[in-house]
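Asker: Once you've had a glance at the structure underneath, I'll fire off some questions.
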Amino acid sequence: MQIQPILATLRRHKLIAGLLALLVAFTCAIVCNVAFMIARHATAMHVISGVDENRLVTVESVDLAHGVNRLAQDQADLAALRAIPGVESAVVVDALPFNGNNWTTSASITADGSSVANIRVFNGSPGELQTLGLKLIAGRDFRADEYVPKQGAHGDSGLKHVPAVIVTQQLAERLFPGQSALGKAIYPYKEPVRIVGVVAHLLNPDAGDGADSNFSALFPMLPGDPDVTYVLRTQPQDRARVLKQATALLTRLDPNRVLRRPQTFAQMRADYFQGDRTMMSLLIASALGLLFVAALGITGLANFWVQQRTRSIGIRRAVGATRADILHYFQVENFLIVTWGVVLGAILAVGVNLLLMHFYELPRLPLWYLLVGAAALWVLGQLAVLSPARRASRVPPVVATRSV
């Protein structure tokens, strides 16, 4: 098919063709960036926590009584919880992935050196690794004689006296790149703490998706706070029953406490990412709406041009053009307009991404999003123009004489 007649026609209808190209451009720019944000939210929602999520239930407890030996109370509570049928193990902790209890401290590899990394601190009673299902890939768990009281609202005193620490693999590689971290010391304060174990993953409580999302460390500090979280390990089919019994038991053991958010770990993850799911739904709806408007614009313009060109189509049929020739004419014409829009849209998409990088700290838009967006708009354009083009191809040659 000759392209020149199509280009000549488009030059005679610059305004309409230009408006449609702009619609395609804005659609391309917005949809590419929206798709990128949707993918980021989806990736964040499937981040690896490092714990055995399907076998854990949690209960947050706030003790309102004063003058209570918290450590003794925690031990009594844990002994009672472990006696519940189906409970394999139970621990008390102050932080978990997705619970938002974020305590950050800096870590150095020298006593007088500057900070190498900011780490998230996890504290828990003995058996924390086994209960949470953390995968120990090197070293060992804490010994019983290594545990110290947390001592203080933020655990500063306890952190100065702990003899050992277990770090994540990501943190170990950050502190000691290319080396084994086992046996080496880090300095959360001025006193050295020896690394005795390395776990594969332990996501930050705030579930960040950056390079430091697994910069986590477990310290052998017993929480002993009025506000703690009990974690019970059980079989997936027993979670609802165990959670109900654990809540009733804790209330009976200490009526002065307030229990908050008794839930499975899967529910904790779902609640944490509720905002992301809502955002994804809104982004998907906006992208589909914009694509629908673009499809309507393409279809409307094609119908308008078919109506305006009925006589010329009939003439072409009379001089030998086949139905396939007419169909291909409108398809090629649409392809050219969409291509101009896609080229402009790719430039706009990069510009929008630069603004998002500046104001919202999003990463750079990968090139393949532009390629997929362009392909999607080309397909959408061809589908949108197909019905008007087929209607044009059915115009009989006799229309040319009737229009004289």
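Chain identifiers are assigned as A, B, and so on, following the order in which chains appear in the structure tokens; residues are numbered from 1 within each chain, and ligands are numbered from 1 in order of appearance.
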Write out as a list of chain:residue names each polymer residue whose atoms come within 12 Å of A:Leu19, counting only C-alpha atoms; drop sequence neighbours fewer than 4 positions from it.
Answerer: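 Answer for this query is A:Leu10, A:His13, A:Lys14, A:Leu15, A:Leu23, A:Val24, A:Ala25, A:Phe26, A:Ala294, A:Gly297, A:Ile298, A:Leu301, A:Ile337, A:Val338, A:Trp340, A:Gly341.
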Asker: So that I can check the surroundings of A:Thr104, please list as a PyMOL selection string every protein, DNA and RNA residue that reaches within 9 Å of it, counting only C-alpha atoms and ignoring chain neighbours fewer than 5 positions away.
Answerer: chain A and resi 118-121
Asker: Please provide as a list in words all residues within 7 Å of stretch 170-172 of chain A, with the sequence filter that same-chain residues fewer than 5 positions apart are discarded (counting only C-alpha atoms).
Answerer: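 In the requested format, the answer is Ala181, Asn214, Phe215 and Ser216 of chain A.
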Asker: Atoms to include: N, CA, C and O atoms. Write the selected residues as a tab-separated table (two decimals), in the first residue's frame.
Answerer:
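Saved the output as selection01.tsv:
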chain	number	residue	atom	x	y	z
A	181	ALA	N	31.20	-13.07	58.25
A	181	ALA	CA	30.93	-12.18	59.39
A	181	ALA	C	31.01	-12.90	60.72
A	181	ALA	O	31.09	-12.24	61.77
A	214	ASN	N	16.60	-5.45	54.70
A	214	ASN	CA	16.96	-6.57	55.57
A	214	ASN	C	18.18	-6.27	56.43
A	214	ASN	O	18.89	-7.17	56.84
A	215	PHE	N	18.41	-4.99	56.72
A	215	PHE	CA	19.48	-4.62	57.64
A	215	PHE	C	18.95	-4.81	59.06
A	215	PHE	O	18.68	-3.86	59.79
A	216	SER	N	18.80	-6.07	59.46
A	216	SER	CA	18.19	-6.40	60.74
A	216	SER	C	19.16	-7.21	61.58
A	216	SER	O	20.01	-7.94	61.06
Asker: At a cut-off of 10 Å, using only C-alpha atoms, what residues contact A:Arg261? Leave out same-chain residues fewer than 5 positions from it and give the result as an MDAnalysis selection string.
Answerer: chainID A and resid 58:61 229 267:268
Asker: Save the residues we just selected, all heavy atoms, as an mmCIF file, in the first residue's frame?
Answerer:
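So the final result, stored in again_11.cif, reads:
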data_model
loop_
_atom_site.group_PDB
_atom_site.id
_atom_site.type_symbol
_atom_site.label_atom_id
_atom_site.label_comp_id
_atom_site.auth_asym_id
_atom_site.auth_seq_id
_atom_site.Cartn_x
_atom_site.Cartn_y
_atom_site.Cartn_z
ATOM 1 N N THR A 58 -0.168 -14.016 66.590
ATOM 2 C CA THR A 58 0.413 -13.011 67.479
ATOM 3 C C THR A 58 -0.682 -12.330 68.295
ATOM 4 O O THR A 58 -1.823 -12.182 67.834
ATOM 5 C CB THR A 58 1.172 -11.935 66.681
ATOM 6 O OG1 THR A 58 0.245 -11.140 65.929
ATOM 7 C CG2 THR A 58 2.184 -12.565 65.728
ATOM 8 N N VAL A 59 -0.306 -11.938 69.509
ATOM 9 C CA VAL A 59 -1.190 -11.178 70.381
ATOM 10 C C VAL A 59 -0.363 -10.080 71.024
ATOM 11 O O VAL A 59 0.653 -10.368 71.679
ATOM 12 C CB VAL A 59 -1.827 -12.057 71.479
ATOM 13 C CG1 VAL A 59 -2.769 -11.210 72.352
ATOM 14 C CG2 VAL A 59 -2.573 -13.238 70.880
ATOM 15 N N GLU A 60 -0.764 -8.844 70.850
ATOM 16 C CA GLU A 60 -0.094 -7.726 71.502
ATOM 17 C C GLU A 60 -0.722 -7.501 72.873
ATOM 18 O O GLU A 60 -1.946 -7.505 73.014
ATOM 19 C CB GLU A 60 -0.210 -6.447 70.662
ATOM 20 C CG GLU A 60 0.521 -6.532 69.335
ATOM 21 C CD GLU A 60 0.445 -5.230 68.564
ATOM 22 O OE1 GLU A 60 0.129 -4.189 69.184
ATOM 23 O OE2 GLU A 60 0.692 -5.258 67.348
ATOM 24 N N SER A 61 0.131 -7.286 73.878
ATOM 25 C CA SER A 61 -0.338 -7.123 75.249
ATOM 26 C C SER A 61 0.215 -5.835 75.838
ATOM 27 O O SER A 61 1.420 -5.573 75.743
ATOM 28 C CB SER A 61 0.092 -8.320 76.109
ATOM 29 O OG SER A 61 -0.194 -8.086 77.477
ATOM 30 N N THR A 229 4.698 -8.353 72.483
ATOM 31 C CA THR A 229 3.943 -9.178 71.549
ATOM 32 C C THR A 229 4.265 -10.641 71.798
ATOM 33 O O THR A 229 5.441 -11.031 71.813
ATOM 34 C CB THR A 229 4.280 -8.814 70.094
ATOM 35 O OG1 THR A 229 3.958 -7.445 69.852
ATOM 36 C CG2 THR A 229 3.503 -9.694 69.123
ATOM 37 N N GLN A 267 -2.714 -12.339 58.557
ATOM 38 C CA GLN A 267 -3.596 -11.179 58.698
ATOM 39 C C GLN A 267 -2.790 -9.903 58.930
ATOM 40 O O GLN A 267 -3.154 -8.832 58.442
ATOM 41 C CB GLN A 267 -4.565 -11.411 59.855
ATOM 42 C CG GLN A 267 -5.602 -12.486 59.582
ATOM 43 C CD GLN A 267 -6.423 -12.832 60.812
ATOM 44 O OE1 GLN A 267 -5.938 -12.779 61.949
ATOM 45 N NE2 GLN A 267 -7.687 -13.189 60.599
ATOM 46 N N MET A 268 -1.689 -10.019 59.675
ATOM 47 C CA MET A 268 -0.836 -8.856 59.916
ATOM 48 C C MET A 268 -0.263 -8.329 58.603
ATOM 49 O O MET A 268 -0.266 -7.117 58.350
ATOM 50 C CB MET A 268 0.308 -9.216 60.875
ATOM 51 C CG MET A 268 1.191 -8.034 61.244
ATOM 52 S SD MET A 268 2.681 -8.501 62.159
ATOM 53 C CE MET A 268 1.959 -9.253 63.605
#
Asker: At a cut-off of 6 Å, using only C-alpha atoms, what residues contact stretch 81-98 of chain A? Leave out same-chain residues fewer than 4 positions from it and give the result as a PDB file with N, CA, C and O atoms, in the first residue's frame.
Answerer:
ATOM      1  N   PHE A 122      15.926  -6.291  66.825  1.00  0.00           N
ATOM      2  CA  PHE A 122      14.883  -7.232  67.228  1.00  0.00           C
ATOM      3  C   PHE A 122      15.300  -7.873  68.548  1.00  0.00           C
ATOM      4  O   PHE A 122      16.433  -8.360  68.679  1.00  0.00           O
ATOM      5  N   ASN A 123      14.411  -7.869  69.510  1.00  0.00           N
ATOM      6  CA  ASN A 123      14.650  -8.516  70.801  1.00  0.00           C
ATOM      7  C   ASN A 123      13.599  -9.587  71.017  1.00  0.00           C
ATOM      8  O   ASN A 123      12.453  -9.446  70.585  1.00  0.00           O
ATOM      9  N   GLY A 124      13.965 -10.630  71.749  1.00  0.00           N
ATOM     10  CA  GLY A 124      12.995 -11.682  72.029  1.00  0.00           C
ATOM     11  C   GLY A 124      13.518 -12.654  73.057  1.00  0.00           C
ATOM     12  O   GLY A 124      14.722 -12.685  73.369  1.00  0.00           O
ATOM     13  N   SER A 125      12.627 -13.449  73.591  1.00  0.00           N
ATOM     14  CA  SER A 125      13.001 -14.449  74.587  1.00  0.00           C
ATOM     15  C   SER A 125      13.648 -15.653  73.902  1.00  0.00           C
ATOM     16  O   SER A 125      13.582 -15.793  72.669  1.00  0.00           O
ATOM     17  N   THR A 131      10.884 -20.356  66.820  1.00  0.00           N
ATOM     18  CA  THR A 131       9.467 -20.030  66.755  1.00  0.00           C
ATOM     19  C   THR A 131       9.129 -19.277  65.477  1.00  0.00           C
ATOM     20  O   THR A 131       8.147 -19.586  64.795  1.00  0.00           O
ATOM     21  N   LEU A 203      12.911  -9.248  57.576  1.00  0.00           N
ATOM     22  CA  LEU A 203      12.480  -7.960  57.036  1.00  0.00           C
ATOM     23  C   LEU A 203      12.302  -6.943  58.151  1.00  0.00           C
ATOM     24  O   LEU A 203      11.872  -7.270  59.260  1.00  0.00           O
ATOM     25  N   ASN A 204      12.605  -5.680  57.841  1.00  0.00           N
ATOM     26  CA  ASN A 204      12.403  -4.604  58.803  1.00  0.00           C
ATOM     27  C   ASN A 204      10.939  -4.516  59.225  1.00  0.00           C
ATOM     28  O   ASN A 204      10.042  -4.828  58.444  1.00  0.00           O
ATOM     29  N   PRO A 205      10.672  -4.049  60.448  1.00  0.00           N
ATOM     30  CA  PRO A 205       9.268  -3.897  60.882  1.00  0.00           C
ATOM     31  C   PRO A 205       8.465  -2.955  60.000  1.00  0.00           C
ATOM     32  O   PRO A 205       7.253  -3.096  59.891  1.00  0.00           O
ATOM     33  N   ASP A 206       9.140  -1.969  59.371  1.00  0.00           N
ATOM     34  CA  ASP A 206       8.412  -1.056  58.493  1.00  0.00           C
ATOM     35  C   ASP A 206       8.392  -1.544  57.055  1.00  0.00           C
ATOM     36  O   ASP A 206       7.896  -0.843  56.162  1.00  0.00           O
ATOM     37  N   ALA A 207       8.910  -2.755  56.822  1.00  0.00           N
ATOM     38  CA  ALA A 207       8.823  -3.408  55.507  1.00  0.00           C
ATOM     39  C   ALA A 207       9.316  -2.531  54.379  1.00  0.00           C
ATOM     40  O   ALA A 207       8.723  -2.479  53.307  1.00  0.00           O
ATOM     41  N   VAL A 228       4.279  -5.671  74.882  1.00  0.00           N
ATOM     42  CA  VAL A 228       5.028  -6.750  74.229  1.00  0.00           C
ATOM     43  C   VAL A 228       4.109  -7.484  73.267  1.00  0.00           C
ATOM     44  O   VAL A 228       2.884  -7.283  73.267  1.00  0.00           O
ATOM     45  N   THR A 229       4.698  -8.353  72.483  1.00  0.00           N
ATOM     46  CA  THR A 229       3.943  -9.178  71.549  1.00  0.00           C
ATOM     47  C   THR A 229       4.265 -10.641  71.798  1.00  0.00           C
ATOM     48  O   THR A 229       5.441 -11.031  71.813  1.00  0.00           O
ATOM     49  N   TYR A 230       3.242 -11.443  71.998  1.00  0.00           N
ATOM     50  CA  TYR A 230       3.407 -12.890  72.139  1.00  0.00           C
ATOM     51  C   TYR A 230       3.251 -13.525  70.769  1.00  0.00           C
ATOM     52  O   TYR A 230       2.297 -13.229  70.041  1.00  0.00           O
ATOM     53  N   VAL A 231       4.179 -14.409  70.429  1.00  0.00           N
ATOM     54  CA  VAL A 231       4.156 -15.103  69.144  1.00  0.00           C
ATOM     55  C   VAL A 231       4.090 -16.600  69.417  1.00  0.00           C
ATOM     56  O   VAL A 231       4.928 -17.140  70.150  1.00  0.00           O
ATOM     57  N   LEU A 232       3.106 -17.255  68.828  1.00  0.00           N
ATOM     58  CA  LEU A 232       2.924 -18.693  69.014  1.00  0.00           C
ATOM     59  C   LEU A 232       3.057 -19.388  67.663  1.00  0.00           C
ATOM     60  O   LEU A 232       2.538 -18.913  66.649  1.00  0.00           O
ATOM     61  N   ARG A 233       3.741 -20.519  67.703  1.00  0.00           N
ATOM     62  CA  ARG A 233       3.932 -21.319  66.492  1.00  0.00           C
ATOM     63  C   ARG A 233       3.032 -22.545  66.561  1.00  0.00           C
ATOM     64  O   ARG A 233       3.027 -23.264  67.574  1.00  0.00           O
ATOM     65  N   THR A 234       2.274 -22.773  65.514  1.00  0.00           N
ATOM     66  CA  THR A 234       1.351 -23.899  65.490  1.00  0.00           C
ATOM     67  C   THR A 234       1.155 -24.343  64.055  1.00  0.00           C
ATOM     68  O   THR A 234       1.735 -23.759  63.114  1.00  0.00           O
TER      69      THR A 234
END
Asker: Taking only C-alpha atoms into account, which of A:Ser312, A:Thr264, A:Thr251, A:Ser393 comes nearest A:Val62?
Answerer: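 Of A:Ser312, A:Thr264, A:Thr251, A:Ser393, the one nearest A:Val62, counting only C-alpha atoms, is A:Thr251.
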Asker: List the spatial neighbours of A:Ile137 as a VMD selection string - criterion: any atom at most 7 Å away, only C-alpha atoms, same-chain residues fewer than 2 positions off excluded.
Answerer: chain A and resid 135 198 to 200
Asker: Between A:Ile30, A:Leu290, A:Val258, A:Leu250, which is the closest to A:Asp74 once you count only C-alpha atoms?
Answerer: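 Looking at the shortest contact to A:Asp74, the residue is A:Leu250.
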